[in-house]
file structure-v1.txt (compact mmCIF, N, CA, C and O atoms and all ligand atoms)
# COMPACT_ATOMS: atom_id res chain seq x y z
N MET A 1 -9.91 12.18 -13.10
CA MET A 1 -10.88 11.32 -12.43
C MET A 1 -12.28 11.83 -12.73
O MET A 1 -12.59 12.98 -12.44
N PRO A 2 -13.12 10.98 -13.32
CA PRO A 2 -14.49 11.40 -13.61
C PRO A 2 -15.28 11.68 -12.34
O PRO A 2 -15.15 10.96 -11.35
N ALA A 3 -16.07 12.73 -12.36
CA ALA A 3 -16.93 13.06 -11.23
C ALA A 3 -18.30 12.42 -11.46
O ALA A 3 -18.86 12.50 -12.54
N LEU A 4 -18.79 11.74 -10.42
CA LEU A 4 -20.12 11.14 -10.46
C LEU A 4 -21.00 11.87 -9.46
O LEU A 4 -20.53 12.23 -8.38
N THR A 5 -22.26 12.03 -9.80
CA THR A 5 -23.19 12.64 -8.84
C THR A 5 -24.21 11.60 -8.41
O THR A 5 -24.90 11.01 -9.26
N PHE A 6 -24.27 11.36 -7.10
CA PHE A 6 -25.28 10.47 -6.54
C PHE A 6 -26.38 11.36 -5.94
O PHE A 6 -26.08 12.28 -5.18
N VAL A 7 -27.62 11.06 -6.30
CA VAL A 7 -28.75 11.87 -5.84
C VAL A 7 -29.65 11.01 -4.96
O VAL A 7 -30.15 9.96 -5.40
N GLN A 8 -29.83 11.43 -3.71
CA GLN A 8 -30.72 10.72 -2.80
C GLN A 8 -32.18 11.03 -3.15
O GLN A 8 -32.46 12.03 -3.84
N ALA A 9 -33.09 10.22 -2.64
CA ALA A 9 -34.53 10.45 -2.90
C ALA A 9 -34.97 11.80 -2.37
O ALA A 9 -35.95 12.38 -2.87
N THR A 10 -34.26 12.32 -1.39
CA THR A 10 -34.59 13.64 -0.82
C THR A 10 -34.14 14.77 -1.74
O THR A 10 -34.47 15.94 -1.50
N GLY A 11 -33.36 14.46 -2.76
CA GLY A 11 -32.82 15.48 -3.64
C GLY A 11 -31.40 15.87 -3.28
O GLY A 11 -30.73 16.59 -4.04
N GLU A 12 -30.95 15.40 -2.12
CA GLU A 12 -29.58 15.72 -1.70
C GLU A 12 -28.58 15.08 -2.67
O GLU A 12 -28.73 13.91 -3.05
N ARG A 13 -27.58 15.84 -3.05
CA ARG A 13 -26.60 15.37 -4.03
C ARG A 13 -25.23 15.23 -3.40
O ARG A 13 -24.86 16.05 -2.55
N LYS A 14 -24.50 14.22 -3.84
CA LYS A 14 -23.11 14.09 -3.41
C LYS A 14 -22.28 13.81 -4.66
O LYS A 14 -22.53 12.85 -5.39
N ILE A 15 -21.30 14.66 -4.89
CA ILE A 15 -20.42 14.49 -6.05
C ILE A 15 -19.14 13.81 -5.57
O ILE A 15 -18.53 14.25 -4.58
N VAL A 16 -18.75 12.73 -6.24
CA VAL A 16 -17.55 11.99 -5.85
C VAL A 16 -16.62 11.86 -7.05
O VAL A 16 -17.05 11.85 -8.19
N GLU A 17 -15.34 11.75 -6.76
CA GLU A 17 -14.35 11.51 -7.80
C GLU A 17 -14.18 10.01 -7.93
O GLU A 17 -13.86 9.34 -6.94
N ALA A 18 -14.36 9.48 -9.12
CA ALA A 18 -14.24 8.04 -9.34
C ALA A 18 -12.93 7.74 -10.07
O ALA A 18 -12.41 8.58 -10.80
N LEU A 19 -12.43 6.55 -9.84
CA LEU A 19 -11.22 6.12 -10.54
C LEU A 19 -11.63 5.42 -11.83
O LEU A 19 -12.59 4.63 -11.83
N VAL A 20 -10.92 5.68 -12.90
CA VAL A 20 -11.20 4.99 -14.15
C VAL A 20 -10.96 3.49 -13.92
O VAL A 20 -9.94 3.09 -13.36
N GLY A 21 -11.92 2.68 -14.31
CA GLY A 21 -11.80 1.24 -14.18
C GLY A 21 -12.50 0.66 -12.96
O GLY A 21 -12.78 -0.53 -12.92
N GLU A 22 -12.76 1.48 -11.97
CA GLU A 22 -13.51 0.96 -10.82
C GLU A 22 -15.00 0.99 -11.14
O GLU A 22 -15.43 1.55 -12.15
N SER A 23 -15.77 0.38 -10.27
CA SER A 23 -17.22 0.40 -10.48
C SER A 23 -17.82 1.62 -9.77
O SER A 23 -17.22 2.17 -8.84
N ALA A 24 -19.01 1.99 -10.20
CA ALA A 24 -19.71 3.09 -9.52
C ALA A 24 -19.98 2.71 -8.08
O ALA A 24 -19.99 3.57 -7.20
N MET A 25 -20.19 1.43 -7.82
CA MET A 25 -20.40 0.97 -6.44
C MET A 25 -19.17 1.25 -5.59
O MET A 25 -19.27 1.77 -4.47
N HIS A 26 -17.99 0.90 -6.09
CA HIS A 26 -16.77 1.13 -5.32
C HIS A 26 -16.54 2.63 -5.08
O HIS A 26 -16.13 3.04 -4.00
N ALA A 27 -16.82 3.44 -6.09
CA ALA A 27 -16.68 4.90 -5.92
C ALA A 27 -17.62 5.38 -4.83
O ALA A 27 -17.24 6.21 -3.99
N ALA A 28 -18.84 4.85 -4.81
CA ALA A 28 -19.81 5.26 -3.78
C ALA A 28 -19.34 4.82 -2.40
O ALA A 28 -19.39 5.59 -1.44
N ARG A 29 -18.89 3.59 -2.29
CA ARG A 29 -18.47 3.06 -0.98
C ARG A 29 -17.23 3.82 -0.46
O ARG A 29 -17.16 4.14 0.71
N ARG A 30 -16.28 4.07 -1.32
CA ARG A 30 -15.06 4.80 -0.91
C ARG A 30 -15.40 6.18 -0.37
O ARG A 30 -14.71 6.72 0.49
N ASN A 31 -16.46 6.75 -0.92
CA ASN A 31 -16.84 8.12 -0.56
C ASN A 31 -18.04 8.19 0.38
O ASN A 31 -18.63 9.26 0.54
N LEU A 32 -18.38 7.04 0.97
CA LEU A 32 -19.43 6.98 2.00
C LEU A 32 -20.76 7.56 1.53
O LEU A 32 -21.42 8.32 2.24
N VAL A 33 -21.13 7.20 0.31
CA VAL A 33 -22.43 7.62 -0.22
C VAL A 33 -23.52 6.78 0.47
O VAL A 33 -23.48 5.55 0.38
N PRO A 34 -24.47 7.40 1.16
CA PRO A 34 -25.53 6.62 1.81
C PRO A 34 -26.39 5.88 0.79
O PRO A 34 -26.61 6.35 -0.33
N GLY A 35 -26.85 4.68 1.19
CA GLY A 35 -27.79 3.94 0.35
C GLY A 35 -27.18 2.90 -0.56
O GLY A 35 -27.91 2.14 -1.19
N ILE A 36 -25.86 2.87 -0.66
CA ILE A 36 -25.21 1.84 -1.45
C ILE A 36 -24.54 0.87 -0.47
O ILE A 36 -23.42 1.09 -0.02
N VAL A 37 -25.27 -0.17 -0.12
CA VAL A 37 -24.80 -1.11 0.90
C VAL A 37 -23.77 -2.08 0.32
O VAL A 37 -22.74 -2.35 0.92
N ALA A 38 -24.08 -2.64 -0.84
CA ALA A 38 -23.15 -3.54 -1.54
C ALA A 38 -22.72 -4.71 -0.67
O ALA A 38 -21.53 -5.01 -0.53
N ASP A 39 -23.69 -5.41 -0.13
CA ASP A 39 -23.43 -6.55 0.76
C ASP A 39 -22.50 -7.60 0.16
O ASP A 39 -21.71 -8.19 0.88
N CYS A 40 -22.60 -7.84 -1.12
CA CYS A 40 -21.81 -8.94 -1.72
C CYS A 40 -20.47 -8.47 -2.24
O CYS A 40 -19.70 -9.27 -2.77
N GLY A 41 -20.17 -7.20 -2.10
CA GLY A 41 -18.85 -6.70 -2.52
C GLY A 41 -18.67 -6.62 -4.03
O GLY A 41 -17.55 -6.56 -4.51
N GLY A 42 -19.76 -6.66 -4.77
CA GLY A 42 -19.67 -6.51 -6.22
C GLY A 42 -19.72 -7.83 -6.97
O GLY A 42 -19.37 -7.89 -8.15
N GLU A 43 -20.18 -8.87 -6.31
CA GLU A 43 -20.23 -10.21 -6.93
C GLU A 43 -21.55 -10.48 -7.63
O GLU A 43 -21.83 -11.62 -8.00
N LEU A 44 -22.37 -9.46 -7.79
CA LEU A 44 -23.66 -9.61 -8.48
C LEU A 44 -24.56 -10.63 -7.77
O LEU A 44 -25.18 -11.48 -8.38
N ALA A 45 -24.59 -10.49 -6.45
CA ALA A 45 -25.34 -11.48 -5.67
C ALA A 45 -26.21 -10.87 -4.58
O ALA A 45 -26.71 -11.61 -3.73
N CYS A 46 -26.39 -9.52 -4.57
CA CYS A 46 -27.17 -8.97 -3.45
C CYS A 46 -28.20 -7.91 -3.87
O CYS A 46 -29.19 -7.74 -3.19
N ALA A 47 -27.96 -7.21 -4.92
CA ALA A 47 -28.88 -6.15 -5.42
C ALA A 47 -29.01 -4.97 -4.45
O ALA A 47 -29.96 -4.20 -4.56
N THR A 48 -28.09 -4.81 -3.51
CA THR A 48 -28.15 -3.67 -2.59
C THR A 48 -27.33 -2.48 -3.11
O THR A 48 -27.04 -1.55 -2.35
N CYS A 49 -27.00 -2.52 -4.37
CA CYS A 49 -26.28 -1.40 -4.99
C CYS A 49 -27.11 -0.81 -6.12
O CYS A 49 -26.58 -0.18 -7.03
N HIS A 50 -28.44 -1.01 -6.02
CA HIS A 50 -29.36 -0.55 -7.06
C HIS A 50 -29.28 0.98 -7.22
O HIS A 50 -29.36 1.72 -6.24
N VAL A 51 -29.13 1.44 -8.44
CA VAL A 51 -29.19 2.86 -8.75
C VAL A 51 -30.05 3.03 -10.01
O VAL A 51 -30.20 2.10 -10.80
N VAL A 52 -30.60 4.21 -10.15
CA VAL A 52 -31.36 4.54 -11.36
C VAL A 52 -30.56 5.60 -12.11
O VAL A 52 -30.34 6.70 -11.60
N VAL A 53 -30.13 5.23 -13.30
CA VAL A 53 -29.28 6.12 -14.10
C VAL A 53 -30.12 7.25 -14.67
O VAL A 53 -31.23 7.01 -15.18
N ASP A 54 -29.62 8.46 -14.55
CA ASP A 54 -30.29 9.59 -15.18
C ASP A 54 -30.48 9.27 -16.67
O ASP A 54 -29.53 8.84 -17.33
N GLU A 55 -31.68 9.44 -17.16
CA GLU A 55 -32.03 8.99 -18.51
C GLU A 55 -31.06 9.49 -19.59
O GLU A 55 -30.76 8.78 -20.54
N ARG A 56 -30.54 10.70 -19.42
CA ARG A 56 -29.63 11.27 -20.43
C ARG A 56 -28.35 10.46 -20.55
O ARG A 56 -27.64 10.56 -21.55
N TRP A 57 -28.02 9.67 -19.52
CA TRP A 57 -26.77 8.93 -19.51
C TRP A 57 -26.91 7.47 -19.92
O TRP A 57 -25.90 6.77 -20.08
N LEU A 58 -28.13 7.03 -20.08
CA LEU A 58 -28.36 5.60 -20.30
C LEU A 58 -27.58 5.05 -21.49
O LEU A 58 -26.97 3.98 -21.41
N SER A 59 -27.56 5.76 -22.59
CA SER A 59 -26.91 5.24 -23.80
C SER A 59 -25.38 5.23 -23.68
O SER A 59 -24.70 4.58 -24.48
N ALA A 60 -24.83 5.93 -22.69
CA ALA A 60 -23.37 5.95 -22.53
C ALA A 60 -22.85 4.71 -21.80
O ALA A 60 -21.65 4.43 -21.81
N LEU A 61 -23.77 3.96 -21.19
CA LEU A 61 -23.35 2.78 -20.42
C LEU A 61 -23.42 1.52 -21.27
O LEU A 61 -24.22 1.43 -22.20
N THR A 62 -22.60 0.55 -20.91
CA THR A 62 -22.72 -0.75 -21.56
C THR A 62 -24.06 -1.35 -21.13
O THR A 62 -24.52 -1.12 -20.01
N PRO A 63 -24.70 -2.12 -22.01
CA PRO A 63 -26.01 -2.67 -21.67
C PRO A 63 -25.93 -3.64 -20.47
O PRO A 63 -24.87 -4.20 -20.19
N ARG A 64 -27.08 -3.83 -19.82
CA ARG A 64 -27.14 -4.79 -18.71
C ARG A 64 -26.94 -6.21 -19.25
O ARG A 64 -27.43 -6.54 -20.33
N SER A 65 -26.27 -7.02 -18.47
CA SER A 65 -26.12 -8.43 -18.83
C SER A 65 -27.36 -9.19 -18.36
O SER A 65 -28.16 -8.67 -17.57
N ALA A 66 -27.50 -10.41 -18.81
CA ALA A 66 -28.64 -11.24 -18.39
C ALA A 66 -28.58 -11.47 -16.89
O ALA A 66 -29.61 -11.46 -16.21
N SER A 67 -27.38 -11.64 -16.34
CA SER A 67 -27.24 -11.87 -14.89
C SER A 67 -27.66 -10.64 -14.11
O SER A 67 -28.29 -10.74 -13.06
N GLU A 68 -27.29 -9.46 -14.63
CA GLU A 68 -27.70 -8.22 -13.94
C GLU A 68 -29.21 -8.07 -13.99
O GLU A 68 -29.85 -7.72 -13.00
N ASP A 69 -29.80 -8.36 -15.16
CA ASP A 69 -31.27 -8.31 -15.30
C ASP A 69 -31.93 -9.20 -14.25
O ASP A 69 -32.90 -8.81 -13.61
N GLU A 70 -31.39 -10.39 -14.12
CA GLU A 70 -31.95 -11.36 -13.17
C GLU A 70 -31.85 -10.84 -11.73
O GLU A 70 -32.80 -10.90 -10.97
N MET A 71 -30.70 -10.29 -11.39
CA MET A 71 -30.50 -9.80 -10.02
C MET A 71 -31.35 -8.55 -9.75
O MET A 71 -31.78 -8.32 -8.62
N LEU A 72 -31.62 -7.76 -10.78
CA LEU A 72 -32.46 -6.57 -10.58
C LEU A 72 -33.88 -6.93 -10.16
O LEU A 72 -34.60 -6.10 -9.62
N GLU A 73 -34.27 -8.17 -10.38
CA GLU A 73 -35.59 -8.61 -9.93
C GLU A 73 -35.63 -8.75 -8.40
O GLU A 73 -36.69 -8.94 -7.82
N CYS A 74 -34.47 -8.67 -7.77
CA CYS A 74 -34.39 -8.85 -6.31
C CYS A 74 -34.23 -7.53 -5.56
O CYS A 74 -34.00 -7.53 -4.36
N THR A 75 -34.33 -6.41 -6.25
CA THR A 75 -34.12 -5.13 -5.58
C THR A 75 -35.29 -4.81 -4.66
O THR A 75 -36.41 -5.27 -4.88
N ALA A 76 -35.01 -4.00 -3.62
CA ALA A 76 -36.06 -3.61 -2.66
C ALA A 76 -37.12 -2.76 -3.35
O ALA A 76 -38.30 -2.84 -3.04
N GLU A 77 -36.70 -1.94 -4.29
CA GLU A 77 -37.63 -1.07 -5.02
C GLU A 77 -37.78 -1.61 -6.44
O GLU A 77 -36.82 -2.11 -7.01
N VAL A 78 -38.97 -1.52 -6.98
CA VAL A 78 -39.23 -2.03 -8.33
C VAL A 78 -38.28 -1.36 -9.32
O VAL A 78 -38.21 -0.13 -9.37
N PRO A 79 -37.53 -2.15 -10.09
CA PRO A 79 -36.59 -1.54 -11.04
C PRO A 79 -37.31 -0.87 -12.22
O PRO A 79 -38.44 -1.22 -12.54
N THR A 80 -36.61 0.06 -12.83
CA THR A 80 -37.15 0.74 -14.02
C THR A 80 -36.23 0.41 -15.20
O THR A 80 -35.21 -0.27 -15.03
N SER A 81 -36.56 0.93 -16.36
CA SER A 81 -35.71 0.68 -17.53
C SER A 81 -34.35 1.35 -17.37
O SER A 81 -33.40 1.01 -18.08
N CYS A 82 -34.24 2.29 -16.43
CA CYS A 82 -32.96 2.97 -16.18
C CYS A 82 -32.22 2.38 -14.97
O CYS A 82 -31.19 2.92 -14.56
N SER A 83 -32.74 1.31 -14.42
CA SER A 83 -32.10 0.72 -13.23
C SER A 83 -30.82 -0.01 -13.62
O SER A 83 -30.75 -0.67 -14.66
N ARG A 84 -29.84 0.12 -12.75
CA ARG A 84 -28.59 -0.64 -12.89
C ARG A 84 -28.13 -1.05 -11.51
O ARG A 84 -28.52 -0.46 -10.50
N LEU A 85 -27.27 -2.05 -11.49
CA LEU A 85 -26.56 -2.38 -10.26
C LEU A 85 -25.23 -1.64 -10.36
O LEU A 85 -24.48 -1.81 -11.34
N ALA A 86 -24.96 -0.79 -9.37
CA ALA A 86 -23.79 0.08 -9.46
C ALA A 86 -22.49 -0.70 -9.57
O ALA A 86 -21.51 -0.20 -10.13
N CYS A 87 -22.49 -1.93 -9.07
CA CYS A 87 -21.25 -2.73 -9.17
C CYS A 87 -20.97 -3.17 -10.60
O CYS A 87 -19.86 -3.63 -10.90
N GLN A 88 -21.95 -3.02 -11.47
CA GLN A 88 -21.78 -3.43 -12.87
C GLN A 88 -21.54 -2.24 -13.79
O GLN A 88 -21.41 -2.40 -15.00
N VAL A 89 -21.48 -1.05 -13.23
CA VAL A 89 -21.22 0.16 -14.03
C VAL A 89 -19.74 0.49 -13.90
O VAL A 89 -19.27 0.94 -12.86
N ARG A 90 -19.00 0.22 -14.95
CA ARG A 90 -17.55 0.43 -14.95
C ARG A 90 -17.27 1.87 -15.36
O ARG A 90 -17.78 2.34 -16.38
N ILE A 91 -16.46 2.56 -14.59
CA ILE A 91 -16.22 3.98 -14.84
C ILE A 91 -15.13 4.18 -15.90
O ILE A 91 -14.06 3.59 -15.84
N SER A 92 -15.46 5.05 -16.85
CA SER A 92 -14.49 5.45 -17.88
C SER A 92 -14.50 6.99 -17.94
O SER A 92 -15.39 7.63 -17.38
N LEU A 93 -13.53 7.54 -18.64
CA LEU A 93 -13.45 9.00 -18.75
C LEU A 93 -14.71 9.57 -19.39
O LEU A 93 -15.13 10.69 -19.09
N GLU A 94 -15.33 8.78 -20.27
CA GLU A 94 -16.53 9.24 -20.97
C GLU A 94 -17.71 9.44 -20.01
O GLU A 94 -18.71 10.06 -20.37
N LEU A 95 -17.60 8.88 -18.82
CA LEU A 95 -18.71 8.99 -17.87
C LEU A 95 -18.57 10.19 -16.93
O LEU A 95 -19.30 10.29 -15.93
N GLU A 96 -17.67 11.11 -17.25
CA GLU A 96 -17.55 12.35 -16.49
C GLU A 96 -18.92 13.03 -16.41
O GLU A 96 -19.55 13.28 -17.45
N GLY A 97 -19.40 13.26 -15.20
CA GLY A 97 -20.69 13.93 -15.02
C GLY A 97 -21.87 12.98 -14.85
O GLY A 97 -23.01 13.45 -14.69
N LEU A 98 -21.61 11.68 -14.85
CA LEU A 98 -22.69 10.69 -14.72
C LEU A 98 -23.54 10.96 -13.47
O LEU A 98 -23.00 11.24 -12.40
N ILE A 99 -24.85 10.86 -13.64
CA ILE A 99 -25.78 11.10 -12.53
C ILE A 99 -26.52 9.81 -12.21
O ILE A 99 -27.11 9.19 -13.11
N LEU A 100 -26.46 9.41 -10.95
CA LEU A 100 -27.08 8.17 -10.50
C LEU A 100 -28.02 8.48 -9.33
O LEU A 100 -27.60 9.10 -8.35
N HIS A 101 -29.26 8.05 -9.44
CA HIS A 101 -30.25 8.28 -8.40
C HIS A 101 -30.34 7.04 -7.51
O HIS A 101 -30.33 5.91 -8.02
N ILE A 102 -30.44 7.27 -6.23
CA ILE A 102 -30.55 6.16 -5.28
C ILE A 102 -32.01 6.00 -4.89
O ILE A 102 -32.67 6.97 -4.50
N PRO A 103 -32.55 4.79 -5.05
CA PRO A 103 -33.97 4.57 -4.74
C PRO A 103 -34.33 4.92 -3.30
O PRO A 103 -33.50 4.79 -2.39
N ARG A 104 -35.57 5.37 -3.12
CA ARG A 104 -36.05 5.82 -1.81
C ARG A 104 -35.90 4.75 -0.72
O ARG A 104 -35.60 5.06 0.43
N SER A 105 -36.05 3.50 -1.10
CA SER A 105 -35.99 2.42 -0.10
C SER A 105 -34.58 2.17 0.41
O SER A 105 -34.40 1.46 1.40
N GLN A 106 -33.59 2.72 -0.24
CA GLN A 106 -32.18 2.53 0.19
C GLN A 106 -31.70 3.80 0.90
O GLN A 106 -31.40 4.80 0.27
N LYS A 107 -31.63 3.74 2.20
CA LYS A 107 -31.18 4.92 2.95
C LYS A 107 -29.91 4.61 3.69
O LYS A 107 -29.66 3.51 4.07
FE1 LIG A 201 -23.99 -6.92 -4.66
FE2 LIG A 201 -23.82 -5.09 -6.60
S1 LIG A 201 -22.76 -5.12 -4.75
S2 LIG A 201 -25.02 -6.90 -6.57

call {"tool": "encode", "arguments": {"input": "structure-v1.txt", "output": "structure tokens"}}
result
Amino acid sequence: MPALTFVQATGERKIVEALVGESAMHAARRNLVPGIVADCGGELACATCHVVVDERWLSALTPRSASEDEMLECTAEVPTSCSRLACQVRISLELEGLILHIPRSQK
């Protein structure tokens, strides 16, 4: 099971074990990571699962879809080039060690 690290704006880190094939959002929710509300349950309709991918990991992820880009315009915090919706980040073995930052506005 790949380990993911979620980093709060305070610097607090939480390492969780993710299942291959699930989304980073589901891994966060299963492990009670603060700041990932995921109101829509992963239907790409709420933007409350906004995370900022550690820059070193950006190229390991599949690119954002047009729908994800559109929904990122609805996030509470201004998105960056490293922003993703955690429900759209599918976990694979290659993502062992992935680091995801949670925006300050999501507590
Ligand atoms: Fe709603 Fe990701 S959980 S957009």

call {"tool": "closest_residue", "arguments": {"input": "structure-v1.txt", "among": "A:Val52, A:Ile91, A:Leu72, A:Leu19", "to": "Val7 of chain A", "atoms": "only C-alpha atoms"}}
result
A:Val52

call {"tool": "residues_near_ligand", "arguments": {"input": "structure-v1.txt", "ligand": "ligand LIG 201 (chain A)", "cutoff": "7 Å", "atoms": "only N, CA, C and O atoms and all ligand atoms", "output": "MDAnalysis selection string"}}
result
chainID A and resid 25 37:50 85:88

call {"tool": "closest_residue", "arguments": {"input": "structure-v1.txt", "among": "A:Val51, A:Glu96, A:His101, A:Ile36", "to": "Arg84 of chain A", "atoms": "all atoms listed in the file"}}
result
A:Val51

call {"tool": "atom_distance", "arguments": {"input": "structure-v1.txt", "atom1": "atom C of Gly35 of chain A", "atom2": "atom N of Leu100 of chain A"}}
result
12.3 Å

call {"tool": "atom_distance", "arguments": {"input": "structure-v1.txt", "atom1": "atom CA of Gln106 of chain A", "atom2": "atom N of Asp69 of chain A"}}
result
19.0 Å

call {"tool": "residues_around", "arguments": {"input": "structure-v1.txt", "residues": "Ala18 of chain A", "least_positions_apart": "2", "cutoff": "6 Å", "atoms": "only N, CA, C and O atoms", "output": "MDAnalysis selection string"}}
result
chainID A and resid 1:4 16 20 27

call {"tool": "residues_around", "arguments": {"input": "structure-v1.txt", "residues": "Glu12 of chain A", "least_positions_apart": "5", "cutoff": "12 Å", "atoms": "only C-alpha atoms", "output": "list in words"}}
result
Thr5, Phe6, Val7, Val33, Pro34, Leu100, His101, Ile102, Arg104 and Lys107 of chain A

call {"tool": "atom_distance", "arguments": {"input": "structure-v1.txt", "atom1": "atom C of Glu17 of chain A", "atom2": "atom CA of Glu94 of chain A"}}
result
13.3 Å

call {"tool": "select_by_dssp", "arguments": {"input": "structure-v1.txt", "residues": "segment 25-68 of chain A", "states": "alpha helix (DSSP H)", "output": "PyMOL selection string"}}
result
chain A and resi 25-30+66-68

call {"tool": "closest_residue", "arguments": {"input": "structure-v1.txt", "among": "A:Glu22, A:Arg13, A:Ser83, A:Leu58", "to": "Pro103 of chain A", "atoms": "only C-alpha atoms"}}
result
A:Ser83

call {"tool": "closest_residue", "arguments": {"input": "structure-v1.txt", "among": "A:Ala76, A:Met71, A:Ala60, A:Ala66", "to": "Val89 of chain A", "atoms": "only C-alpha atoms"}}
result
A:Ala60

call {"tool": "select_by_dssp", "arguments": {"input": "structure-v1.txt", "residues": "chain A", "states": "strand (DSSP E)", "output": "count of residues only"}}
result
20

call {"tool": "axis_aligned_box", "arguments": {"input": "structure-v1.txt", "around": "segment 84-93 of chain A", "padding_each_side": "3 Å", "output": "JSON"}}
result
{"center_x": -21.6, "center_y": 3.5, "center_z": -14.2, "size_x": 22.4, "size_y": 20.3, "size_z": 16.3}
